[in-house]
Every structure is written in C-alpha cells, then in structure tokens.
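For reference, coords-v1.cif (mmCIF, C-alpha atoms):
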```
data_query
#
loop_
_atom_site.label_atom_id
_atom_site.label_comp_id
_atom_site.auth_asym_id
_atom_site.auth_seq_id
_atom_site.Cartn_x
_atom_site.Cartn_y
_atom_site.Cartn_z
CA MET S 287 -3.31 0.08 17.64
CA CYS S 288 -7.01 -0.53 17.17
CA GLY S 289 -8.11 1.60 14.23
CA THR S 290 -11.37 2.29 16.04
CA CYS S 291 -10.38 3.19 19.56
CA GLY S 292 -6.62 3.51 19.51
CA CYS S 293 -6.00 0.92 22.18
CA GLY S 294 -4.22 -2.40 22.33
CA THR S 295 -3.31 -4.24 19.16
CA ASN S 296 -3.53 -2.86 15.67
CA GLY S 297 -7.11 -4.10 15.20
CA VAL S 298 -6.13 -6.54 12.50
CA ALA S 299 -7.62 -10.02 12.52
CA ILE S 300 -6.09 -12.86 10.54
CA THR S 301 -8.47 -15.78 10.11
CA LYS S 302 -8.63 -18.98 8.16
CA PRO S 303 -12.07 -19.98 6.83
CA ASN S 304 -13.93 -22.20 9.33
CA GLN S 305 -11.89 -20.76 12.16
CA ASN S 306 -13.73 -19.45 15.21
CA LEU S 307 -14.44 -15.77 14.66
CA GLU S 308 -14.52 -14.82 18.37
CA HIS S 309 -12.96 -11.42 18.74
CA ASN S 310 -11.79 -11.09 22.32
CA HIS S 311 -10.02 -7.79 21.94
CA ASN S 312 -11.04 -5.85 25.01
CA HIS S 313 -12.23 -2.30 24.61
CA GLU S 314 -11.88 -0.92 28.12
CA HIS S 315 -10.11 2.36 28.50
CA GLU S 316 -8.21 2.68 31.71
CA HIS S 317 -5.27 4.82 30.81
CA SER S 318 -4.91 7.79 33.09
CA HIS S 319 -3.94 11.21 31.89
CA GLU S 320 -1.32 12.26 34.41
CA HIS S 321 1.71 14.06 33.14
CA ASN S 322 4.80 13.94 35.19
CA HIS S 323 7.40 15.08 32.73
CA ASP S 324 9.58 17.90 34.04
CA HIS S 325 10.82 20.73 31.94
CA HIS S 326 14.58 20.88 32.36
CA HIS S 327 15.30 23.24 29.56
CA GLY S 328 18.99 22.58 29.71
CA ASP S 329 18.24 18.97 28.79
CA LYS S 330 16.79 19.70 25.40
CA MET S 331 18.24 17.56 22.69
CA ILE S 332 17.77 17.78 18.96
CA ILE S 333 17.72 14.53 17.02
CA ASP S 334 18.42 15.02 13.35
CA LEU S 335 16.64 12.07 11.84
CA GLU S 336 15.78 12.36 8.15
CA ARG S 337 13.93 9.07 8.60
CA ASP S 338 11.46 7.83 6.01
CA ILE S 339 8.05 7.48 7.69
CA LEU S 340 7.28 4.35 5.70
CA SER S 341 10.64 2.82 6.59
CA LYS S 342 9.14 0.23 8.93
CA ASN S 343 6.71 -0.98 6.27
CA ASN S 344 9.51 -0.99 3.69
CA ILE S 345 11.85 -2.98 5.92
CA ASP S 346 9.14 -5.54 6.67
CA ALA S 347 8.34 -5.72 2.95
CA ALA S 348 12.01 -6.41 2.20
CA ARG S 349 11.92 -9.20 4.78
CA ASN S 350 8.86 -10.71 3.09
CA ARG S 351 10.49 -10.40 -0.31
CA GLY S 352 13.59 -12.20 0.93
CA TYR S 353 11.45 -15.00 2.34
CA PHE S 354 9.57 -15.33 -0.96
CA GLU S 355 12.81 -15.41 -2.92
CA ALA S 356 14.36 -18.01 -0.63
CA LYS S 357 11.32 -20.25 -1.01
CA ASN S 358 10.92 -19.38 -4.67
CA ILE S 359 7.38 -18.12 -4.15
CA PHE S 360 6.02 -15.82 -6.84
CA THR S 361 3.90 -13.17 -5.16
CA LEU S 362 1.34 -10.89 -6.80
CA ASN S 363 -0.43 -7.96 -5.16
CA LEU S 364 -3.87 -7.39 -6.73
CA VAL S 365 -5.20 -3.88 -6.29
CA SER S 366 -8.31 -2.10 -7.55
CA SER S 367 -11.32 -0.13 -6.45
CA PRO S 368 -14.12 -2.15 -4.77
CA GLY S 369 -16.26 -4.10 -7.21
CA SER S 370 -13.94 -4.23 -10.21
CA GLY S 371 -13.76 -8.01 -9.97
CA LYS S 372 -10.56 -8.91 -8.15
CA THR S 373 -12.09 -11.92 -6.43
CA SER S 374 -13.85 -13.08 -9.62
CA ILE S 375 -10.62 -12.88 -11.62
CA LEU S 376 -8.90 -14.80 -8.84
CA GLU S 377 -11.64 -17.47 -8.79
CA THR S 378 -11.54 -18.01 -12.54
CA THR S 379 -7.73 -18.07 -12.54
CA LEU S 380 -7.59 -20.61 -9.72
CA LYS S 381 -10.23 -22.83 -11.33
CA ASP S 382 -8.30 -22.88 -14.61
CA LEU S 383 -4.74 -23.16 -13.32
CA LYS S 384 -4.83 -24.92 -9.97
CA ALA S 385 -4.32 -28.33 -11.51
CA ASP S 386 -0.90 -27.21 -12.80
CA LEU S 387 0.22 -24.62 -10.29
CA ASN S 388 0.39 -24.46 -6.55
CA PHE S 389 -1.63 -21.45 -5.34
CA TYR S 390 -2.01 -19.74 -1.98
CA VAL S 391 -4.23 -16.73 -1.37
CA ILE S 392 -4.28 -13.90 1.17
CA GLU S 393 -7.55 -11.97 1.15
CA GLY S 394 -7.65 -8.43 2.50
CA ASP S 395 -10.92 -6.76 3.48
CA GLN S 396 -12.06 -4.50 6.26
CA GLN S 397 -14.69 -6.99 7.37
CA THR S 398 -16.08 -10.49 6.71
CA LEU S 399 -14.68 -13.81 5.60
CA ASN S 400 -16.76 -13.73 2.40
CA ASP S 401 -13.87 -13.59 -0.06
CA ALA S 402 -11.82 -16.21 1.79
CA ASN S 403 -14.86 -18.49 1.75
CA ARG S 404 -15.16 -18.12 -2.03
CA ILE S 405 -11.51 -19.16 -2.44
CA ASP S 406 -11.84 -21.90 0.18
CA ALA S 407 -14.69 -23.38 -1.87
CA LEU S 408 -12.12 -24.05 -4.61
CA ASN S 409 -9.91 -25.97 -2.17
CA VAL S 410 -7.10 -23.48 -2.42
CA PRO S 411 -5.34 -22.62 0.87
CA VAL S 412 -6.47 -19.16 1.89
CA ILE S 413 -6.28 -16.80 4.81
CA GLN S 414 -8.34 -13.67 5.44
CA VAL S 415 -6.83 -10.49 6.85
CA ASN S 416 -9.51 -8.18 8.22
CA THR S 417 -8.04 -4.74 8.61
CA GLY S 418 -10.86 -3.34 10.77
CA LYS S 419 -10.96 0.35 9.95
CA GLY S 420 -7.70 0.07 8.00
CA CYS S 421 -7.99 0.80 4.29
CA HIS S 422 -5.04 -1.23 2.98
CA LEU S 423 -2.78 -4.16 3.75
CA GLU S 424 0.64 -3.54 5.27
CA SER S 425 3.72 -5.70 5.08
CA ASP S 426 3.61 -6.85 8.72
CA MET S 427 0.08 -8.22 8.14
CA ILE S 428 1.43 -10.25 5.22
CA TYR S 429 4.28 -11.49 7.42
CA ASP S 430 1.79 -12.68 10.07
CA ALA S 431 -0.59 -14.15 7.48
CA VAL S 432 2.20 -16.04 5.70
CA LYS S 433 3.32 -17.58 9.00
CA GLN S 434 -0.12 -19.15 9.33
CA LEU S 435 -0.63 -19.94 5.67
CA LYS S 436 2.78 -21.66 5.33
CA PRO S 437 3.06 -21.59 1.54
CA LYS S 438 5.18 -24.35 0.02
CA ASP S 439 8.30 -23.76 -2.04
CA ASN S 440 7.80 -22.97 -5.76
CA SER S 441 4.23 -21.78 -5.28
CA ILE S 442 2.28 -18.67 -6.29
CA LEU S 443 0.93 -16.38 -3.60
CA MET S 444 -1.93 -14.12 -4.65
CA ILE S 445 -2.59 -11.22 -2.30
CA GLU S 446 -5.93 -9.54 -2.87
CA ASN S 447 -5.62 -6.11 -1.32
CA VAL S 448 -8.45 -4.10 0.22
CA GLY S 449 -10.60 -2.58 -2.53
CA ASN S 450 -9.24 0.96 -2.64
CA LEU S 451 -7.38 2.79 -5.38
CA VAL S 452 -5.63 5.23 -3.09
CA CYS S 453 -4.01 3.89 0.06
CA PRO S 454 -2.62 0.48 -0.99
CA SER S 455 -0.37 2.19 -3.54
CA MET S 456 1.94 3.47 -0.81
CA PHE S 457 2.45 0.17 0.97
CA ASP S 458 4.91 -2.31 -0.47
CA LEU S 459 3.99 -5.81 0.73
CA GLY S 460 7.09 -7.54 -0.61
CA GLU S 461 5.35 -8.67 -3.78
CA GLN S 462 7.23 -9.35 -7.02
CA LYS S 463 4.60 -7.74 -9.23
CA ARG S 464 1.70 -5.40 -8.67
CA VAL S 465 -1.44 -5.94 -10.72
CA VAL S 466 -3.99 -3.13 -10.99
CA ILE S 467 -7.48 -4.12 -12.08
CA ILE S 468 -10.04 -1.75 -13.55
CA SER S 469 -13.44 -2.67 -14.91
CA ILE S 470 -15.11 -0.94 -17.82
CA THR S 471 -18.11 -0.07 -15.67
CA GLU S 472 -15.82 2.51 -14.06
CA GLY S 473 -14.73 5.76 -15.68
CA GLU S 474 -11.97 5.86 -18.32
CA ASP S 475 -10.23 8.57 -16.33
CA LYS S 476 -9.54 6.45 -13.22
CA PRO S 477 -5.80 6.28 -14.06
CA ILE S 478 -5.41 10.05 -13.96
CA LYS S 479 -7.77 10.45 -11.01
CA TYR S 480 -5.76 7.91 -8.99
CA PRO S 481 -2.33 8.11 -10.62
CA ASP S 482 -0.29 6.67 -7.74
CA MET S 483 -1.85 3.24 -8.08
CA PHE S 484 -1.40 3.07 -11.84
CA HIS S 485 2.10 4.51 -11.53
CA SER S 486 3.18 1.76 -9.13
CA ALA S 487 1.58 -1.17 -11.00
CA ASP S 488 3.35 -3.53 -13.40
CA ILE S 489 0.34 -4.64 -15.39
CA CYS S 490 -3.26 -3.54 -15.80
CA ILE S 491 -6.14 -5.98 -16.18
CA ILE S 492 -9.25 -4.48 -17.76
CA ASN S 493 -12.19 -6.56 -16.57
CA LYS S 494 -15.87 -6.99 -17.56
CA MET S 495 -15.00 -6.75 -21.27
CA ASP S 496 -18.14 -8.81 -22.04
CA LEU S 497 -20.18 -5.71 -21.17
CA LEU S 498 -18.45 -3.49 -23.74
CA PRO S 499 -21.31 -3.57 -26.31
CA HIS S 500 -23.74 -2.31 -23.67
CA LEU S 501 -21.63 0.53 -22.37
CA ASN S 502 -20.45 3.87 -23.56
CA PHE S 503 -16.85 3.17 -22.63
CA ASP S 504 -13.81 4.51 -24.50
CA LEU S 505 -11.22 1.75 -24.16
CA ALA S 506 -8.57 3.63 -26.14
CA LYS S 507 -8.96 6.64 -23.87
CA LEU S 508 -8.51 4.48 -20.75
CA LYS S 509 -5.25 3.08 -22.12
CA GLU S 510 -4.07 6.52 -23.17
CA TYR S 511 -4.65 7.86 -19.66
CA ALA S 512 -3.00 4.84 -18.04
CA LEU S 513 0.07 5.10 -20.29
CA GLN S 514 0.30 8.79 -19.52
CA VAL S 515 0.80 7.85 -15.87
CA ASN S 516 2.93 4.76 -16.47
CA HIS S 517 4.26 4.06 -19.94
CA HIS S 518 5.49 0.59 -18.93
CA LEU S 519 1.97 -0.72 -18.25
CA GLN S 520 0.94 -3.83 -20.11
CA PHE S 521 -2.81 -4.38 -20.63
CA PHE S 522 -4.94 -7.50 -20.47
CA GLU S 523 -8.56 -7.22 -21.60
CA VAL S 524 -10.56 -9.93 -19.89
CA SER S 525 -13.92 -11.02 -18.65
CA ALA S 526 -13.71 -13.14 -15.53
CA THR S 527 -17.35 -14.14 -16.10
CA THR S 528 -17.04 -15.48 -19.67
CA GLY S 529 -13.34 -16.32 -19.55
CA GLN S 530 -12.67 -14.08 -22.56
CA GLY S 531 -9.03 -12.92 -22.72
CA MET S 532 -7.99 -14.86 -19.64
CA ASP S 533 -5.44 -16.93 -21.59
CA ALA S 534 -3.18 -13.93 -22.20
CA TRP S 535 -3.18 -13.20 -18.47
CA TYR S 536 -2.42 -16.88 -17.71
CA ASN S 537 0.49 -16.77 -20.15
CA TRP S 538 1.85 -13.71 -18.42
CA VAL S 539 1.60 -15.46 -15.01
CA GLN S 540 3.40 -18.53 -16.39
CA THR S 541 6.14 -16.50 -18.07
CA GLU S 542 6.74 -14.29 -15.05
CA LEU S 543 6.73 -17.32 -12.78
CA GLU S 544 9.44 -18.94 -14.88
CA LYS S 545 11.46 -15.72 -15.04
CA ASN S 546 11.18 -15.40 -11.29
CA GLN S 547 12.29 -18.98 -10.72
CA GLN S 548 15.29 -18.57 -13.01
CA LYS S 549 16.27 -15.45 -11.10
CA ASN S 550 16.08 -17.25 -7.79
CA THR S 551 18.08 -20.30 -8.72
CA MET I 232 -7.57 7.03 4.95
CA HIS I 233 -3.98 5.87 5.26
CA GLU I 234 -2.99 9.08 7.07
CA LEU I 235 -3.71 7.24 10.33
CA SER I 236 -1.11 4.62 9.34
CA ILE I 237 1.29 7.42 8.49
CA ALA I 238 0.67 9.01 11.90
CA MET I 239 1.25 5.64 13.57
CA GLY I 240 4.52 5.31 11.66
CA ILE I 241 5.61 8.73 12.90
CA ILE I 242 4.68 7.86 16.49
CA ASN I 243 6.60 4.61 16.22
CA ILE I 244 9.73 6.46 15.10
CA ALA I 245 9.35 9.17 17.77
CA GLU I 246 8.78 6.64 20.59
CA LYS I 247 11.88 4.66 19.65
CA GLU I 248 14.13 7.69 19.22
CA THR I 249 12.96 9.32 22.48
CA LYS I 250 13.63 6.12 24.38
CA LYS I 251 17.01 5.71 22.73
CA ALA I 252 17.99 9.23 23.77
CA ASN I 253 16.81 8.53 27.32
CA LYS I 254 14.33 11.39 27.18
CA LYS I 255 10.71 11.67 28.21
CA CYS I 256 8.87 13.41 25.46
CA VAL I 257 9.05 15.36 22.24
CA GLU I 258 8.65 19.14 22.23
CA LEU I 259 8.93 19.69 18.52
CA ILE I 260 8.64 17.37 15.55
CA GLU I 261 9.47 18.48 12.06
CA LEU I 262 8.15 16.51 9.09
CA GLU I 263 9.05 16.87 5.46
CA ILE I 264 6.14 16.02 3.15
CA GLY I 265 6.23 16.36 -0.61
CA SER I 266 3.22 17.23 -2.73
CA LEU I 267 3.51 13.86 -4.50
CA ALA I 268 3.98 11.80 -1.33
CA GLY I 269 0.33 10.72 -1.36
CA VAL I 270 -0.51 12.30 1.98
CA GLU I 271 -3.35 14.76 2.50
CA LEU I 272 -2.11 17.25 5.07
CA ASP I 273 -5.66 18.05 6.20
CA SER I 274 -6.32 14.36 6.89
CA LEU I 275 -3.02 13.97 8.72
CA GLU I 276 -3.77 16.96 10.93
CA TYR I 277 -7.28 15.61 11.48
CA VAL I 278 -6.05 12.28 12.88
CA TRP I 279 -2.99 13.75 14.60
CA SER I 280 -4.41 14.81 17.98
CA THR I 281 -6.21 11.51 18.46
CA ALA I 282 -3.27 9.41 17.32
CA VAL I 283 -0.64 11.08 19.52
CA LYS I 284 -2.69 10.85 22.72
CA ASP I 285 -0.70 9.10 25.47
CA THR I 286 2.44 8.97 23.37
CA VAL I 287 5.68 10.95 23.57
CA LEU I 288 4.19 13.23 20.92
CA GLU I 289 1.09 14.24 22.86
CA HIS I 290 2.27 17.79 23.59
CA ALA I 291 4.70 18.15 20.71
CA LYS I 292 4.50 21.04 18.31
CA LEU I 293 4.00 19.70 14.80
CA LYS I 294 5.84 21.52 12.06
CA ILE I 295 5.35 20.42 8.47
CA ASP I 296 7.81 21.44 5.81
CA PHE I 297 5.77 21.06 2.61
CA LYS I 298 7.75 20.50 -0.59
CA GLN I 299 6.13 21.41 -3.88
CA ALA I 300 7.15 18.82 -6.49
CA LYS I 301 9.81 19.88 -8.96
CA ALA I 302 11.45 18.06 -11.82
CA LYS I 303 14.29 18.66 -14.24
CA CYS I 304 13.58 17.96 -17.88
CA LEU I 305 16.06 15.44 -19.30
CA GLU I 306 15.74 16.93 -22.78
CA CYS I 307 16.02 20.68 -22.28
CA GLU I 308 17.11 20.82 -18.62
CA THR I 309 14.29 23.18 -17.63
CA ILE I 310 13.37 22.93 -13.96
CA PHE I 311 9.60 22.99 -13.60
CA GLU I 312 6.99 22.59 -10.86
CA MET I 313 4.73 19.56 -11.10
CA GLU I 314 1.13 19.30 -10.00
CA LYS I 315 0.81 15.66 -11.00
CA ILE I 316 3.31 12.87 -11.27
CA PHE I 317 2.77 12.55 -15.03
CA ASP I 318 3.18 16.25 -15.87
CA SER I 319 5.44 16.89 -18.84
CA CYS I 320 8.06 19.62 -19.20
CA SER I 321 6.50 23.07 -19.14
CA LYS I 322 8.85 24.23 -21.92
CA CYS I 323 9.38 21.37 -24.39
CA ASN I 324 6.57 19.01 -23.29
CA SER I 325 8.92 16.03 -22.90
CA HIS I 326 7.90 13.32 -20.41
CA PHE I 327 11.51 12.41 -19.63
CA LYS I 328 12.23 14.03 -16.33
CA ASP I 329 14.14 13.62 -13.15
CA ILE I 330 12.00 14.28 -10.09
CA LEU I 331 14.03 16.59 -7.87
CA GLN I 332 11.64 16.88 -4.96
CA GLY I 333 8.05 16.17 -3.99
CA LYS I 334 8.19 12.51 -2.91
CA GLU I 335 9.50 13.27 0.59
CA LEU I 336 7.76 11.61 3.52
CA ARG I 337 10.22 11.97 6.35
CA VAL I 338 10.65 12.79 10.00
CA LYS I 339 13.27 15.49 9.68
CA LEU I 340 14.04 16.18 13.30
CA LEU I 341 12.86 15.77 16.87
CA GLU I 342 13.45 18.07 19.80
CA VAL I 343 13.28 15.87 22.88
CA VAL I 344 13.39 16.72 26.57
#
```
structure tokens encoding of this file:
Amino acid sequence: MCGTCGCGTNGVAITKPNQNLEHNHNHEHEHSHEHNHDHHHGDKMIIDLERDILSKNNIDAARNRGYFEAKNIFTLNLVSSPGSGKTSILETTLKDLKADLNFYVIEGDQQTLNDANRIDALNVPVIQVNTGKGCHLESDMIYDAVKQLKPKDNSILMIENVGNLVCPSMFDLGEQKRVVIISITEGEDKPIKYPDMFHSADICIINKMDLLPHLNFDLAKLKEYALQVNHHLQFFEVSATTGQGMDAWYNWVQTELEKNQQKNT
Amino acid sequence: MHELSIAMGIINIAEKETKKANKKCVELIELEIGSLAGVELDSLEYVWSTAVKDTVLEHAKLKIDFKQAKAKCLECETIFEMEKIFDSCSKCNSHFKDILQGKELRVKLLEVV
C-alpha cells in the first residue's frame, strides 16, 4: 500500500536515472465503509497458524538469492545510518574496480534520484528504489529492481540500503553478505545502541578515518562494542575521500567474490 | 518505522488465511512477539488501527503474547533473562548461550467468522 495514504500500490517507485519521474499514482479515496458481515456464531473457526510475520519477505529473499546463485552474481547489502558515507565508499570502489569487475548498483532512498545520478555519472548501471515513507528496502523491491536492471552473469550487485540503522536489519534482501558502515564522526557506542544491525552484519567498514586526528574518537572502544554484539565482525578502516585503507576492503571483495563463484560452480 | 511493514505483513497473512477458510473477517488475532524481535509494541499499536482499515482485521481484537527473551548458558546451563542480545550469563558471565525465546515474530492464531 501507499505508505502515506494506505491506498493502491505500496508507494515504491523504481526509476533509472534519466527516466521520466512522473508519478501518476492517484490519491483519491473512494472506498465506502459499509459492513455487511453477519455474525453467525456457530461459524466461528480457529486457525492455528504459528506463521512468521516476515515469512513473505524471507521467501522473496530466498527467491532473489537463488537467482543470484544461478547467475553467479555476488550481492552485497550496504547498511548504515544516514551520512556515514555509503555512497562515497561505493563511488570510490566503483572508480577503482570497475575496469576489472562488472558492477551493478541498486540505490535505496526515501526520495530523490541523487544517489543513482552519482553512480550513473561513473557509467555503472544503476537503478533507484524510492521507498516513499518506507524506511528500508524489502526483498520484493529488489526483485522488481533486478528485473529492470538485468545484471549479467558473474557480476557484483551492490545494494545501498536506506540510511537507517534500525529497520533494514530485519529485512533479508537475498544478499550474500551484509556490510555495515559506521563513520568516526558518529558515537563509538552505535553498535550497542543499535545492536540488531551490527549483529546481522558480516563486516564493518569504519569510514572517515582521515578525520581521526581532529576528533575525540575512541576507535578501540568502537571495536570492543561491536565485537560484544557480534564477535565474527571483521573491520576495515577506510577513508572514501583519501582512499586510505580501501585496498583491504577491495581484497575482501575480490576474495569473497572468488569464494562465492567457487561455491556456485 | 518498520512496524507499518510488520502490520502489512500481518494483514497479508490474515487476508490470505481468511479467504482460504472461506470466511469474511477476523474476530481475534493473536500475535507472539519476543523482546528481541526488533518490534516496538507501542509503534505497532500506533499504526494498527490505520493499517487494518478496510481489511479483514478492521474489527478484530488484537492480542499480543509478549515473550521476554531467555537464554541458556552453554557453560553452566543457567537459564537467564536477557535485556539485550549480547547479554552474558548472569551467573558465570559466559557469552556462549542458546537463545530459548525472545526472537518470536509470529501470527499465532486467527479466529475467523
């Protein structure tokens, strides 16, 4: 449904850069409020369900994952709070690696094509999912976006989630790995304030490391908190602006890509 | 606020099941929500009345069975309540634990007419 008014579609717009942005979703409300259900009490029926509420998202995510495996597409879900530098990390990564690797990008934001335009400027195929009032991407949005994006076999699909450290943690998109990004201009205690996101991530990129000399930031404390929530977390200290530390992250991408391809063949 | 998505997921399940049972609407819906499920009950209740409008759940009584998270320590076998997912054993402080309950996010049952 529309996140704003509750009518019609789910309010999600999937747009390629340079595509017409006309939104012809109609906001008239005509539903009447008559109630003609009768109360035959003998007809009462109890349905014992025990059904997971997220089951639809999880089933769609499994479908996406199967598609990615069949086409040997390595998919990463990038999550963080707004402003920690997801798009900048993505831009630097694409600039440095796109000559060797085949990238596709899905951008998730509530509004605007701004992020998709930044990726489009690098000549990397990109599609923008605008979630409207929605605060996270869901697996059916990825399914629809992928149908338009048509990623080639053996490629890497980067999904930049909506900037939000809470909601995206619950929604599997079918990705192979989840990457949580935190910048050192945020508090060291983010991992214990928002444990679900750090608990569900595979690696943690610490961005804006070039600012460390100017800040009163306790890097060891951040890692300690993050490991408290998820002791498997692997850290990458980078600056997307200066390129510092990006090589270690690139090596991880390459290694995981190879591992993923071996698994799928 | 993903509670709206959660509510939409619940409605989706209820609509399908009601139709499958050849019934018209739901009189009672029972949910099971754990303290570590990532759902704020206040937020869910806040979006509920708006979300269920014009659905089979519009007049349904909503009953939430809240499950406080519990884990069993894998070292000393103490069963302890957890506030946070990374809480260690209340007796021996070990982090190795088996979460017994608290991650539930389920539609337990529907009473349809």
Contact table segment 267-293 of chain I vs segment 443-465 of chain S, cut-off 10 Å, shortest pair per residue, all atoms listed in the file, as a Markdown table:
```
| residue | atom | partner | partner_atom | distance |
| --- | --- | --- | --- | --- |
| I:Ala268 | CA | S:Met456 | CA | 8.6 |
| I:Gly269 | CA | S:Met456 | CA | 7.4 |
| I:Val270 | CA | S:Cys453 | CA | 9.3 |
```
Chain S residues within 7 Å of chain I, counting only C-alpha atoms: which ones, as number ranges by chain?
S: 323, 329-340, 421, 453, 514-515
Print the selection's residues with C-alpha atoms to a file, as a compact mmCIF listing (two decimals), in the coordinates of the input.
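Full text of part.txt as output:
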```
# COMPACT_ATOMS: atom_id res chain seq x y z
CA HIS S 323 7.40 15.08 32.73
CA ASP S 329 18.24 18.97 28.79
CA LYS S 330 16.79 19.70 25.40
CA MET S 331 18.24 17.56 22.69
CA ILE S 332 17.77 17.78 18.96
CA ILE S 333 17.72 14.53 17.02
CA ASP S 334 18.42 15.02 13.35
CA LEU S 335 16.64 12.07 11.84
CA GLU S 336 15.78 12.36 8.15
CA ARG S 337 13.93 9.07 8.60
CA ASP S 338 11.46 7.83 6.01
CA ILE S 339 8.05 7.48 7.69
CA LEU S 340 7.28 4.35 5.70
CA CYS S 421 -7.99 0.80 4.29
CA CYS S 453 -4.01 3.89 0.06
CA GLN S 514 0.30 8.79 -19.52
CA VAL S 515 0.80 7.85 -15.87
```
As AutoDock Vina command-line options, please: the centre and edge lengths in Å, to one decimal, of an axis-aligned box enclosing every listed atom of segment 458-461 of chain S with 6 Å added on each side.
```
--center_x 5.5 --center_y -5.5 --center_z -1.5 --size_x 15.1 --size_y 18.4 --size_z 16.5
```
Would you mind listing what lies within 6 Å of segment 302-310 of chain I as a list in words, with all atoms listed in the file counted and same-chain residues fewer than 3 positions away left out?
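In the requested form, the answer reads Cys320, Phe327, Lys328, Asp329, Ile330 and Leu331 of chain I.
The spacing separating atom CA of Trp535 of chain S from atom CA of Lys433 of chain S amounts to 28.6 Å.
In this model, the gap between atom CA of Gln396 of chain S and atom CA of Lys372 of chain S comes to 15.1 Å.
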Could you give me, as a ChimeraX atom specification, the residues within 10 Å of Thr528 of chain S, counting all atoms listed in the file and dropping anything in the same chain fewer than 5 positions from it?
/S:378,494-496
In Å, how far is it from atom CA of Gln530 of chain S to atom CA of Phe360 of chain S?
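A separation of 24.5 Å between them.
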